[in-house]
file data_6.txt (compact mmCIF, C-alpha atoms and all ligand atoms)
# COMPACT_ATOMS: atom_id res chain seq x y z
CA MET B 907 -16.17 -1.74 3.05
CA THR B 908 -12.96 -2.60 1.21
CA ARG B 909 -12.84 -2.68 -2.57
CA GLN B 910 -12.39 -6.46 -2.45
CA GLU B 911 -15.47 -6.89 -0.22
CA PHE B 912 -17.52 -4.57 -2.41
CA ILE B 913 -16.76 -6.47 -5.63
CA GLU B 914 -17.36 -9.80 -3.89
CA ARG B 915 -20.75 -8.76 -2.52
CA SER B 916 -21.87 -7.18 -5.80
CA LEU B 917 -20.97 -10.25 -7.80
CA LEU B 918 -22.81 -12.45 -5.32
CA MET B 919 -25.86 -10.23 -5.67
CA GLY B 920 -25.67 -10.68 -9.41
CA VAL B 921 -25.32 -6.97 -10.13
CA SER B 922 -24.93 -6.61 -13.89
CA LEU B 923 -21.41 -5.84 -14.98
CA PRO B 924 -21.93 -2.41 -16.57
CA LEU B 925 -23.99 -1.31 -13.60
CA LEU B 926 -21.42 -2.59 -11.19
CA SER B 927 -18.83 -0.57 -13.02
CA SER B 928 -20.51 2.74 -12.36
CA VAL B 929 -21.44 1.81 -8.80
CA LEU B 930 -17.95 0.59 -8.09
CA LEU B 931 -16.51 3.95 -8.97
CA GLN B 932 -18.44 5.61 -6.17
CA SER B 933 -18.68 3.00 -3.49
CA CYS B 934 -15.37 2.07 -2.02
CA GLY B 935 -15.13 3.98 1.18
CA THR B 936 -14.87 7.55 -0.12
CA GLU B 937 -17.73 8.71 2.09
CA SER B 938 -15.79 8.04 5.26
CA LEU B 939 -12.76 9.86 3.91
CA ILE B 940 -13.32 13.42 4.95
CA PHE B 941 -10.42 15.06 6.70
CA PRO B 942 -11.90 18.10 8.52
CA ASN B 943 -9.46 20.55 10.02
CA LEU B 944 -8.33 19.46 13.44
CA ASP B 945 -8.97 21.64 16.43
CA SER B 946 -6.41 21.33 19.17
CA SER B 947 -5.10 22.97 22.26
CA PHE B 948 -2.58 20.13 22.71
CA LYS B 949 0.77 21.58 23.71
CA GLY B 950 2.98 18.50 24.02
CA ASN B 951 5.36 16.89 21.55
CA VAL B 952 4.91 13.71 19.55
CA ILE B 953 7.17 10.98 18.18
CA ILE B 954 5.97 9.11 15.13
CA ILE B 955 7.53 5.74 14.38
CA GLY B 956 7.74 4.95 10.68
CA ALA B 957 7.80 7.28 7.65
CA GLY B 958 5.38 5.46 5.35
CA ALA B 959 2.10 7.00 4.18
CA ALA B 960 0.55 6.91 7.68
CA GLY B 961 3.61 8.30 9.48
CA MET B 962 4.27 11.04 6.93
CA TYR B 963 0.63 12.04 6.88
CA ALA B 964 0.47 12.13 10.68
CA GLY B 965 3.47 14.47 10.66
CA TYR B 966 1.80 16.64 8.03
CA LEU B 967 -1.31 16.98 10.20
CA LEU B 968 0.72 17.82 13.31
CA LYS B 969 2.69 20.41 11.37
CA GLN B 970 -0.54 22.04 10.15
CA ASN B 971 -1.62 22.25 13.78
CA GLY B 972 1.64 23.69 15.06
CA ILE B 973 2.46 20.62 17.17
CA GLU B 974 6.11 19.66 17.65
CA PHE B 975 7.00 16.19 16.34
CA LYS B 976 9.79 13.93 15.08
CA ILE B 977 9.47 10.94 12.78
CA LEU B 978 11.87 8.05 13.43
CA GLU B 979 12.27 5.86 10.34
CA ALA B 980 14.19 2.59 10.47
CA SER B 981 15.35 2.48 6.87
CA SER B 982 17.50 4.88 4.89
CA VAL B 983 14.54 6.25 2.91
CA TYR B 984 11.07 7.55 3.63
CA GLY B 985 7.99 6.22 1.84
CA GLY B 986 7.66 2.69 3.21
CA ARG B 987 5.45 0.80 0.80
CA LEU B 988 5.42 3.85 -1.49
CA LYS B 989 8.48 3.49 -3.66
CA LYS B 990 9.34 4.27 -7.27
CA ALA B 991 11.80 3.29 -9.98
CA GLU B 992 12.62 6.57 -11.71
CA ASN B 993 14.74 5.45 -14.63
CA PHE B 994 13.68 1.95 -15.57
CA ALA B 995 11.29 3.17 -18.28
CA ASN B 996 10.52 6.60 -19.74
CA PHE B 997 7.89 7.06 -17.04
CA PRO B 998 8.27 6.36 -13.30
CA LEU B 999 7.12 2.97 -12.04
CA ASP B 1000 5.34 2.35 -8.74
CA LEU B 1001 7.17 -0.46 -6.98
CA GLY B 1002 4.60 -0.52 -4.18
CA ALA B 1003 1.18 1.18 -4.22
CA GLU B 1004 0.23 1.96 -7.83
CA TRP B 1005 -3.54 2.18 -8.30
CA ILE B 1006 -5.77 4.92 -6.95
CA HIS B 1007 -8.68 2.78 -5.83
CA VAL B 1008 -11.12 5.63 -5.17
CA ASP B 1009 -12.04 8.85 -6.98
CA PRO B 1010 -8.83 10.87 -7.46
CA LYS B 1011 -10.42 13.81 -5.70
CA ILE B 1012 -9.10 11.99 -2.63
CA LEU B 1013 -5.66 13.41 -3.49
CA GLY B 1014 -6.78 16.99 -2.84
CA GLU B 1015 -8.59 15.85 0.30
CA ILE B 1016 -5.47 14.20 1.68
CA ALA B 1017 -3.22 17.16 0.94
CA ASN B 1018 -5.94 19.64 1.93
CA LYS B 1019 -5.02 21.83 -1.05
CA SER B 1020 -5.38 21.84 -4.80
CA ILE B 1021 -3.06 19.43 -6.56
CA ASP B 1022 -0.92 20.38 -9.56
CA GLN B 1023 -2.75 18.60 -12.38
CA SER B 1024 0.15 19.00 -14.79
CA VAL B 1025 2.20 16.71 -12.55
CA PHE B 1026 -0.50 14.57 -10.98
CA GLU B 1027 -2.82 14.04 -13.91
CA THR B 1028 -4.61 10.71 -13.53
CA ILE B 1029 -5.79 8.20 -16.11
CA ASP B 1030 -8.89 6.05 -16.05
CA TYR B 1031 -7.40 2.61 -15.69
CA ASN B 1032 -9.83 0.47 -17.66
CA PRO B 1033 -7.96 -2.38 -19.38
CA GLN B 1034 -9.51 -3.25 -22.74
CA THR B 1035 -7.91 -6.62 -23.42
CA ILE B 1036 -8.43 -9.01 -20.53
CA LYS B 1037 -7.33 -12.64 -20.53
CA THR B 1038 -7.12 -15.50 -18.09
CA TRP B 1039 -4.72 -18.42 -17.97
CA LYS B 1040 -6.57 -21.46 -16.70
CA ASN B 1041 -5.86 -25.17 -17.12
CA GLY B 1042 -3.22 -24.48 -19.77
CA LYS B 1043 -5.55 -22.29 -21.85
CA LEU B 1044 -5.50 -18.58 -22.61
CA LYS B 1045 -9.02 -17.13 -22.75
CA SER B 1046 -10.32 -13.64 -23.56
CA HIS B 1047 -12.78 -11.94 -21.23
CA ASN B 1048 -12.95 -8.50 -22.80
CA TYR B 1049 -16.54 -8.04 -21.56
CA ILE B 1050 -14.98 -7.41 -18.14
CA LYS B 1051 -13.81 -4.03 -19.41
CA ASN B 1052 -17.28 -2.78 -18.46
CA LEU B 1053 -16.74 -3.90 -14.91
CA TYR B 1054 -13.25 -2.97 -14.01
CA SER B 1055 -12.14 0.63 -13.76
CA GLU B 1056 -9.88 2.47 -11.37
CA TRP B 1057 -7.30 5.23 -11.68
CA LYS B 1058 -3.55 5.65 -11.88
CA PHE B 1059 -1.14 8.53 -12.12
CA LYS B 1060 -0.25 9.25 -15.73
CA ARG B 1061 3.33 10.45 -15.39
CA SER B 1062 3.97 10.34 -11.67
CA THR B 1063 3.61 7.90 -8.77
CA TRP B 1064 2.12 7.60 -5.30
CA PHE B 1065 5.64 8.22 -3.99
CA ASP B 1066 5.84 11.46 -6.02
CA PHE B 1067 2.48 12.54 -4.69
CA PHE B 1068 3.78 12.35 -1.12
CA GLU B 1069 7.21 13.67 -1.96
CA GLN B 1070 5.88 16.82 -3.57
CA ASN B 1071 2.77 17.51 -1.51
CA ILE B 1072 3.45 16.15 1.98
CA VAL B 1073 7.21 15.72 2.49
CA PRO B 1074 8.21 19.42 2.08
CA GLU B 1075 6.19 20.18 5.23
CA ILE B 1076 7.81 17.46 7.36
CA THR B 1077 11.26 16.88 5.95
CA ASP B 1078 13.10 18.70 8.79
CA SER B 1079 11.48 16.38 11.30
CA VAL B 1080 12.25 13.03 9.65
CA VAL B 1081 15.21 11.12 11.09
CA LEU B 1082 16.29 8.19 8.90
CA ASN B 1083 18.21 5.04 9.88
CA LYS B 1084 16.59 4.96 13.33
CA PRO B 1085 15.01 1.54 13.93
CA VAL B 1086 13.05 1.80 17.16
CA LEU B 1087 13.62 -1.21 19.41
CA GLU B 1088 11.86 -0.23 22.61
CA ILE B 1089 8.96 1.92 23.76
CA ASN B 1090 8.72 2.60 27.48
CA TYR B 1091 5.47 4.23 28.54
CA GLU B 1092 5.68 3.54 32.29
CA GLU B 1093 6.39 7.12 33.30
CA ASP B 1094 4.82 10.44 32.45
CA LYS B 1095 6.81 10.79 29.24
CA VAL B 1096 7.21 8.04 26.70
CA ILE B 1097 10.79 7.02 25.96
CA THR B 1098 11.83 5.25 22.77
CA LYS B 1099 15.19 3.58 22.27
CA THR B 1100 16.66 3.14 18.80
CA ALA B 1101 19.10 0.53 17.55
CA ASP B 1102 22.04 2.92 17.95
CA ASN B 1103 21.13 3.19 21.65
CA GLU B 1104 19.78 6.72 21.44
CA SER B 1105 16.73 7.74 23.45
CA TYR B 1106 13.91 10.02 22.33
CA GLU B 1107 11.33 11.38 24.73
CA ALA B 1108 7.82 12.63 23.98
CA ASP B 1109 4.41 13.19 25.51
CA LYS B 1110 2.77 10.90 22.97
CA ILE B 1111 3.89 8.32 20.44
CA LEU B 1112 2.23 7.21 17.23
CA VAL B 1113 3.37 3.76 16.05
CA THR B 1114 2.84 3.31 12.29
CA VAL B 1115 5.13 0.33 11.60
CA PRO B 1116 3.65 -2.49 9.48
CA ILE B 1117 1.54 -4.89 11.54
CA LYS B 1118 4.03 -7.63 10.64
CA MET B 1119 6.69 -5.82 12.67
CA LEU B 1120 4.41 -5.89 15.73
CA GLN B 1121 3.62 -9.57 15.14
CA ASN B 1122 7.35 -10.33 15.03
CA GLU B 1123 7.87 -8.31 18.21
CA GLN B 1124 10.52 -6.13 16.60
CA ILE B 1125 9.64 -3.47 19.14
CA THR B 1126 9.54 -4.22 22.88
CA PHE B 1127 6.84 -2.45 24.87
CA GLN B 1128 7.44 -1.57 28.51
CA PRO B 1129 5.07 -2.48 30.14
CA GLU B 1130 4.04 -5.27 27.81
CA MET B 1131 0.94 -4.64 25.70
CA PRO B 1132 -2.26 -6.16 27.16
CA GLN B 1133 -2.79 -9.75 26.10
CA ALA B 1134 -6.07 -9.00 24.24
CA LYS B 1135 -4.23 -6.47 22.10
CA ARG B 1136 -1.37 -8.87 21.38
CA GLU B 1137 -3.87 -11.54 20.39
CA ALA B 1138 -5.70 -9.13 18.09
CA ILE B 1139 -2.39 -8.17 16.41
CA GLY B 1140 -1.83 -11.87 15.72
CA LYS B 1141 -5.22 -12.13 14.01
CA VAL B 1142 -4.30 -9.87 11.09
CA TYR B 1143 -3.09 -11.89 8.12
CA VAL B 1144 -0.29 -10.33 6.07
CA GLY B 1145 1.18 -12.52 3.34
CA ASP B 1146 4.16 -12.19 1.06
CA GLY B 1147 4.31 -9.51 -1.63
CA ILE B 1148 6.30 -8.94 -4.79
CA LYS B 1149 6.25 -6.81 -7.94
CA ILE B 1150 8.29 -7.49 -11.04
CA PHE B 1151 8.59 -5.27 -14.12
CA ILE B 1152 10.10 -6.46 -17.39
CA GLU B 1153 10.82 -4.47 -20.52
CA PHE B 1154 10.22 -6.40 -23.75
CA ASN B 1155 10.90 -5.55 -27.38
CA GLU B 1156 7.32 -6.28 -28.27
CA LYS B 1157 3.90 -6.18 -26.59
CA PHE B 1158 2.72 -9.79 -26.86
CA TYR B 1159 0.57 -9.70 -23.70
CA PRO B 1160 -2.94 -8.29 -23.02
CA ASP B 1161 -3.67 -5.21 -20.93
CA ILE B 1162 -4.30 -7.54 -18.02
CA LEU B 1163 -3.92 -11.29 -17.47
CA SER B 1164 -5.20 -13.09 -14.41
CA TYR B 1165 -4.89 -16.70 -13.36
CA GLY B 1166 -7.74 -19.18 -12.87
CA ASN B 1167 -11.39 -18.21 -12.64
CA ILE B 1168 -11.88 -14.60 -13.71
CA PHE B 1169 -14.38 -13.68 -10.98
CA LYS B 1170 -12.30 -15.33 -8.29
CA ALA B 1171 -9.28 -13.47 -9.64
CA LEU B 1172 -11.20 -10.18 -9.58
CA THR B 1173 -12.19 -10.53 -5.97
CA GLU B 1174 -9.05 -12.12 -4.58
CA GLU B 1175 -6.46 -10.20 -6.61
CA ASN B 1176 -3.61 -12.44 -5.56
CA LYS B 1177 -1.69 -12.51 -8.81
CA PHE B 1178 -1.95 -10.76 -12.14
CA VAL B 1179 0.19 -9.63 -15.03
CA TYR B 1180 -0.48 -6.25 -16.61
CA ASP B 1181 0.66 -3.72 -19.16
CA ALA B 1182 2.36 -1.23 -16.87
CA ALA B 1183 2.62 1.29 -19.74
CA PHE B 1184 -1.16 1.30 -20.34
CA LYS B 1185 -2.22 4.90 -21.20
CA LYS B 1186 1.16 6.21 -20.07
CA ASP B 1187 1.98 7.75 -23.48
CA SER B 1188 5.07 5.60 -23.66
CA ASP B 1189 6.59 3.68 -26.55
CA LYS B 1190 8.11 1.17 -24.11
CA ASN B 1191 6.68 -2.32 -23.59
CA ILE B 1192 6.67 -2.74 -19.82
CA LEU B 1193 4.91 -5.72 -18.28
CA GLY B 1194 4.21 -5.85 -14.55
CA LEU B 1195 3.60 -8.75 -12.20
CA PHE B 1196 1.67 -8.12 -9.00
CA ALA B 1197 1.56 -11.04 -6.57
CA ILE B 1198 0.62 -11.31 -2.91
CA ASN B 1199 0.05 -14.06 -0.33
CA GLU B 1200 0.89 -17.64 -1.38
CA LYS B 1201 1.10 -16.62 -5.05
CA ALA B 1202 3.92 -14.30 -4.07
CA SER B 1203 5.58 -16.86 -1.80
CA ALA B 1204 6.41 -18.93 -4.88
CA TYR B 1205 8.87 -16.15 -5.81
CA THR B 1206 9.82 -14.26 -2.66
CA LYS B 1207 12.06 -16.95 -1.21
CA LEU B 1208 14.14 -17.26 -4.40
CA ASN B 1209 17.13 -15.15 -5.38
CA GLU B 1210 16.88 -12.56 -8.16
CA GLN B 1211 18.09 -14.85 -10.96
CA GLU B 1212 15.76 -17.65 -9.86
CA ILE B 1213 12.79 -15.26 -9.64
CA ILE B 1214 13.26 -13.87 -13.13
CA SER B 1215 13.92 -17.31 -14.68
CA LYS B 1216 10.77 -18.70 -13.06
CA PHE B 1217 8.62 -15.79 -14.16
CA LEU B 1218 9.98 -15.78 -17.73
CA SER B 1219 9.39 -19.50 -18.12
CA GLU B 1220 5.80 -19.07 -16.86
CA LEU B 1221 5.26 -16.32 -19.42
CA ASP B 1222 6.89 -18.46 -22.13
CA GLU B 1223 4.40 -21.23 -21.42
CA ILE B 1224 1.48 -18.82 -21.80
CA PHE B 1225 2.84 -16.81 -24.74
CA GLU B 1226 4.65 -19.52 -26.73
CA GLY B 1227 8.22 -18.58 -25.88
CA LYS B 1228 7.82 -14.87 -26.65
CA ALA B 1229 8.91 -13.72 -23.19
CA THR B 1230 12.46 -15.05 -23.43
CA THR B 1231 12.71 -13.98 -27.08
CA HIS B 1232 11.70 -10.36 -26.42
CA TYR B 1233 13.20 -9.90 -22.93
CA LYS B 1234 15.29 -6.73 -22.47
CA LYS B 1235 15.65 -6.06 -18.71
CA HIS B 1236 13.83 -6.33 -15.39
CA ILE B 1237 13.43 -4.86 -11.94
CA ILE B 1238 12.17 -6.76 -8.89
CA GLN B 1239 10.69 -5.37 -5.68
CA ASN B 1240 10.52 -8.16 -3.13
CA TRP B 1241 8.49 -6.67 -0.28
CA SER B 1242 8.88 -9.77 1.87
CA LYS B 1243 12.64 -9.21 1.94
CA GLU B 1244 12.42 -5.58 3.05
CA PRO B 1245 13.66 -5.84 6.65
CA TYR B 1246 11.22 -3.25 8.04
CA ILE B 1247 8.17 -4.26 5.98
CA GLN B 1248 8.39 -8.09 5.62
CA GLY B 1249 5.30 -8.65 3.48
CA ALA B 1250 2.52 -7.10 1.40
CA TYR B 1251 -0.38 -5.70 3.39
CA SER B 1252 -3.23 -6.73 5.69
CA TYR B 1253 -5.36 -9.09 3.66
CA SER B 1254 -7.74 -10.87 6.00
CA PHE B 1255 -8.65 -11.15 9.65
CA ASP B 1256 -9.04 -14.22 11.81
CA GLY B 1257 -12.36 -13.14 13.32
CA ASN B 1258 -14.55 -10.07 13.25
CA LYS B 1259 -12.61 -7.39 11.39
CA SER B 1260 -13.94 -4.32 13.18
CA GLU B 1261 -13.41 -5.88 16.60
CA ILE B 1262 -9.83 -6.81 15.71
CA VAL B 1263 -9.05 -3.42 14.17
CA ASN B 1264 -10.64 -1.68 17.14
CA MET B 1265 -8.60 -3.72 19.63
CA VAL B 1266 -5.28 -3.20 17.79
CA SER B 1267 -6.03 0.52 17.51
CA GLN B 1268 -6.57 0.99 21.26
CA PRO B 1269 -4.00 3.45 22.67
CA LEU B 1270 -1.85 2.38 25.60
CA MET B 1271 -2.50 4.59 28.64
CA ASP B 1272 -3.42 7.53 26.36
CA LYS B 1273 0.25 7.76 25.45
CA VAL B 1274 1.03 5.21 22.74
CA TYR B 1275 -1.21 5.31 19.66
CA PHE B 1276 -1.32 3.05 16.60
CA ALA B 1277 -2.03 3.76 12.91
CA GLY B 1278 -1.27 2.30 9.48
CA GLU B 1279 -3.04 0.67 6.57
CA ALA B 1280 -4.13 -2.39 8.59
CA LEU B 1281 -5.97 -0.17 11.06
CA SER B 1282 -8.30 1.48 8.59
CA GLU B 1283 -11.60 -0.27 8.67
CA ASP B 1284 -12.98 1.11 5.42
CA ASN B 1285 -9.87 1.52 3.30
CA GLN B 1286 -7.55 -1.12 4.69
CA ALA B 1287 -4.61 -2.14 2.48
CA MET B 1288 -4.73 1.14 0.56
CA VAL B 1289 -2.78 4.38 0.74
CA GLN B 1290 -5.82 6.46 1.62
CA GLY B 1291 -6.56 3.94 4.39
CA ALA B 1292 -3.12 4.55 5.90
CA CYS B 1293 -3.88 8.29 5.80
CA GLU B 1294 -7.35 7.81 7.19
CA SER B 1295 -6.09 5.82 10.17
CA ALA B 1296 -3.36 8.40 10.83
CA TYR B 1297 -5.94 11.19 10.72
CA LYS B 1298 -8.25 9.41 13.15
CA MET B 1299 -5.46 8.67 15.61
CA ILE B 1300 -3.98 12.16 15.51
CA ALA B 1301 -7.47 13.62 16.01
CA ARG B 1302 -7.96 11.35 19.02
CA MET B 1303 -4.48 11.97 20.41
CA ILE B 1304 -4.70 15.73 20.38
CA LYS B 1305 -8.26 15.70 21.70
CA GLU B 1306 -7.30 13.51 24.64
CA GLY B 1307 -4.48 16.04 25.30
C1 LIG E 1401 2.95 -4.87 -3.69
C2 LIG E 1401 2.03 -3.83 -3.12
C3 LIG E 1401 1.10 -3.21 -3.94
C4 LIG E 1401 0.23 -2.27 -3.43
N1 LIG E 1401 -0.66 -1.65 -4.28
C5 LIG E 1401 -1.44 -0.66 -3.83
C6 LIG E 1401 -2.23 0.10 -4.73
O1 LIG E 1401 -2.20 -0.12 -5.93
N2 LIG E 1401 -2.99 1.10 -4.21
C7 LIG E 1401 -3.04 1.38 -2.87
O2 LIG E 1401 -3.76 2.30 -2.45
N3 LIG E 1401 -2.26 0.69 -1.99
C8 LIG E 1401 -1.47 -0.32 -2.45
N4 LIG E 1401 -0.65 -1.00 -1.58
C9 LIG E 1401 -0.79 -0.74 -0.14
C10 LIG E 1401 -0.08 0.56 0.30
O3 LIG E 1401 1.22 0.58 -0.21
C11 LIG E 1401 -0.05 0.58 1.80
O4 LIG E 1401 -1.39 0.47 2.29
C12 LIG E 1401 0.53 1.87 2.43
O5 LIG E 1401 1.58 2.39 1.66
C13 LIG E 1401 0.99 1.53 3.84
O6 LIG E 1401 1.41 2.68 4.52
P1 LIG E 1401 1.77 2.56 6.08
O7 LIG E 1401 2.27 3.88 6.48
O8 LIG E 1401 0.63 1.96 6.82
O9 LIG E 1401 2.94 1.47 6.16
P2 LIG E 1401 4.41 1.50 5.52
O10 LIG E 1401 4.40 2.20 4.22
O11 LIG E 1401 4.90 0.12 5.54
O12 LIG E 1401 5.25 2.38 6.53
C14 LIG E 1401 5.74 1.87 7.73
C15 LIG E 1401 7.16 2.43 7.93
O13 LIG E 1401 7.63 1.99 9.22
C16 LIG E 1401 9.02 1.75 9.09
N5 LIG E 1401 9.45 0.91 10.22
C17 LIG E 1401 9.25 -0.42 10.40
N6 LIG E 1401 9.77 -0.82 11.57
C18 LIG E 1401 10.30 0.26 12.16
C19 LIG E 1401 10.96 0.50 13.41
N7 LIG E 1401 11.20 -0.50 14.27
N8 LIG E 1401 11.38 1.75 13.69
C20 LIG E 1401 11.16 2.78 12.83
N9 LIG E 1401 10.53 2.62 11.65
C21 LIG E 1401 10.08 1.38 11.32
C22 LIG E 1401 9.15 1.10 7.74
O14 LIG E 1401 10.48 1.17 7.26
C23 LIG E 1401 8.16 1.93 6.91
O15 LIG E 1401 8.80 3.03 6.29
C24 LIG E 1401 0.27 -1.93 -2.07
C25 LIG E 1401 1.23 -2.51 -1.25
C26 LIG E 1401 2.10 -3.45 -1.75
C27 LIG E 1401 3.14 -4.05 -0.85
call {"tool": "encode", "arguments": {"input": "data_6.txt", "output": "structure tokens"}}
result
Amino acid sequence: MTRQEFIERSLLMGVSLPLLSSVLLQSCGTESLIFPNLDSSFKGNVIIIGAGAAGMYAGYLLKQNGIEFKILEASSVYGGRLKKAENFANFPLDLGAEWIHVDPKILGEIANKSIDQSVFETIDYNPQTIKTWKNGKLKSHNYIKNLYSEWKFKRSTWFDFFEQNIVPEITDSVVLNKPVLEINYEEDKVITKTADNESYEADKILVTVPIKMLQNEQITFQPEMPQAKREAIGKVYVGDGIKIFIEFNEKFYPDILSYGNIFKALTEENKFVYDAAFKKDSDKNILGLFAINEKASAYTKLNEQEIISKFLSELDEIFEGKATTHYKKHIIQNWSKEPYIQGAYSYSFDGNKSEIVNMVSQPLMDKVYFAGEALSEDNQAMVQGACESAYKMIARMIKEG
């Protein structure tokens, strides 16, 4: 069950808010997230397409099992939807994934080792001042503080977590600036062609590109993927996505501000404004905007100046002109404009989710495998879900030999 589904169901059942809080902390998919050591006699080599969380983690698992691999990444950096701004504030900002939605013990489980707590200390993210903006009115809902609690890194980021714990094991095998255009799995070996017309050959391939890239047919499959699989790929909804951070001279905003009905906002999580410096031991006033789907589309098509003007004037309306008065600087991460991401993350499914995920995950002739956040049934749209799907696919791949 995803976090969103869990909150939705609990609210429908009328679970009391304080109770929900403690249940929520233990209920979002952690049980299925056990990464036992893999056992393999597989002797072939593997190509992984994409160096986001799923691709990097797949490489990490192969490395631990002594299996030869290469990761082909289209862009000039690894990380995918894990990205950070190092110097905007006096703590690093997560421009993509930011919250740890399940118990932070997941970090040690992913890395399969103990994590340096001095670097990766986490905070309980439990905003104390909670407001909504609805019908031109600002309302307090501080009672929600008993409901909502997750975690965040205190002085590091999701990107740092991978960079320090996963990347050192795989860095020699990552090839950047290699957009894959074609996968040919007709013969014994699988052959991939990259935009610079180079070919890479392997026994197996793991495709971890965002589902949006498959929907837009950015990669040609030879032979074509079965129609049922193509249809299933089309049934995953991925909307726009954007994050904006602004430094202000003064903190005039609550710890978190959502739009419209508070319970709807809690379950849908399409747009909210938050104190990005909350519990970060920082003297800086950094406000964040998180927006996905149609709420994000209102910004993603604009240029940088238009985006910031629009957002500041929205904040001015809510906070009586204080945003423009106290504005210092901003940074925008428009995920919809990233050429190899093109959106936020899998949000909903046009049909039965497990059937769709199962169909998209089906390997092609036991040679081409698929992983990524959209293909995790229990932790979809989250970093640990990307890892979980990579783990499952690597386990299957090396078992099938
Ligand atoms: C705004 C936003 C906020 C989020 N917040 C959170 C959060 O708080 N907590 C959380 O757990 N998760 C969050 N997520 C989700 C999380 O970031 C993702 O679930 C996860 O990082 C996805 O990893 P992935 O490996 O599946 O995909 P990606 O990270 O997208 O990796 C795919 C990689 O494939 C590469 N690629 C694409 N096409 C090609 C090609 N043709 N050839 C080669 N390479 C290619 C891309 O460049 C990319 O590096 C957020 C995401 C967004 C966008």
call {"tool": "residues_near_ligand", "arguments": {"input": "data_6.txt", "ligand": "ligand LIG 1401 (chain E)", "cutoff": "7 Å", "atoms": "only C-alpha atoms and all ligand atoms", "output": "ChimeraX atom specification"}}
result
/B:955-961,978-981,984-988,1001-1007,1084-1087,1114-1116,1119,1124-1125,1147-1149,1196-1198,1241,1246-1247,1249-1251,1277-1280,1286-1292
call {"tool": "closest_residue", "arguments": {"input": "data_6.txt", "among": "B:Thr1100, B:Ile1162, B:Val983, B:Lys1186", "to": "Glu1027 (chain B)", "atoms": "only C-alpha atoms"}}
result
B:Lys1186
call {"tool": "atom_distance", "arguments": {"input": "data_6.txt", "atom1": "CA of Gly1140 (chain B)", "atom2": "CA of Glu1261 (chain B)"}}
result
13.1 Å
call {"tool": "closest_residue", "arguments": {"input": "data_6.txt", "among": "B:Ala1202, B:Leu1195, B:Ala1101, B:Val1142", "to": "Ile1262 (chain B)", "atoms": "all atoms listed in the file"}}
result
B:Val1142
call {"tool": "residues_around", "arguments": {"input": "data_6.txt", "residues": "Lys976 (chain B)", "least_positions_apart": "5", "cutoff": "9 Å", "atoms": "all atoms listed in the file", "output": "VMD selection string"}}
result
chain B and resid 951 to 955 965 1076 1078 to 1081
call {"tool": "write_last_selection", "arguments": {"input": "data_6.txt", "atoms": "C-alpha atoms", "output": "PDB file, in the coordinates of the input"}}
result
ATOM      1  CA  ASN B 951       5.360  16.890  21.550  1.00  0.00           C
ATOM      2  CA  VAL B 952       4.910  13.710  19.550  1.00  0.00           C
ATOM      3  CA  ILE B 953       7.170  10.980  18.180  1.00  0.00           C
ATOM      4  CA  ILE B 954       5.970   9.110  15.130  1.00  0.00           C
ATOM      5  CA  ILE B 955       7.530   5.740  14.380  1.00  0.00           C
ATOM      6  CA  GLY B 965       3.470  14.470  10.660  1.00  0.00           C
ATOM      7  CA  ILE B1076       7.810  17.460   7.360  1.00  0.00           C
ATOM      8  CA  ASP B1078      13.100  18.700   8.790  1.00  0.00           C
ATOM      9  CA  SER B1079      11.480  16.380  11.300  1.00  0.00           C
ATOM     10  CA  VAL B1080      12.250  13.030   9.650  1.00  0.00           C
ATOM     11  CA  VAL B1081      15.210  11.120  11.090  1.00  0.00           C
TER      12      VAL B1081
END
call {"tool": "decode", "arguments": {"input": "data_6.txt", "residues": "region 1231-1247 of chain B", "atoms": "C-alpha atoms", "output": "PDB file, in the first residue's frame"}}
result
ATOM      1  CA  THR B1231       9.171  42.515   0.488  1.00  0.00           C
ATOM      2  CA  HIS B1232      11.383  39.827   2.029  1.00  0.00           C
ATOM      3  CA  TYR B1233      12.527  38.033  -1.141  1.00  0.00           C
ATOM      4  CA  LYS B1234      16.291  37.406  -1.389  1.00  0.00           C
ATOM      5  CA  LYS B1235      16.889  34.688  -4.033  1.00  0.00           C
ATOM      6  CA  HIS B1236      15.436  31.507  -5.507  1.00  0.00           C
ATOM      7  CA  ILE B1237      16.213  28.224  -7.177  1.00  0.00           C
ATOM      8  CA  ILE B1238      13.817  26.290  -9.430  1.00  0.00           C
ATOM      9  CA  GLN B1239      13.889  22.613 -10.348  1.00  0.00           C
ATOM     10  CA  ASN B1240      11.478  22.036 -13.206  1.00  0.00           C
ATOM     11  CA  TRP B1241      11.304  18.250 -13.520  1.00  0.00           C
ATOM     12  CA  SER B1242       9.006  18.420 -16.528  1.00  0.00           C
ATOM     13  CA  LYS B1243      11.731  20.192 -18.483  1.00  0.00           C
ATOM     14  CA  GLU B1244      14.433  17.621 -17.706  1.00  0.00           C
ATOM     15  CA  PRO B1245      14.843  15.938 -21.109  1.00  0.00           C
ATOM     16  CA  TYR B1246      15.340  12.429 -19.686  1.00  0.00           C
ATOM     17  CA  ILE B1247      12.757  12.632 -16.887  1.00  0.00           C
TER      18      ILE B1247
END
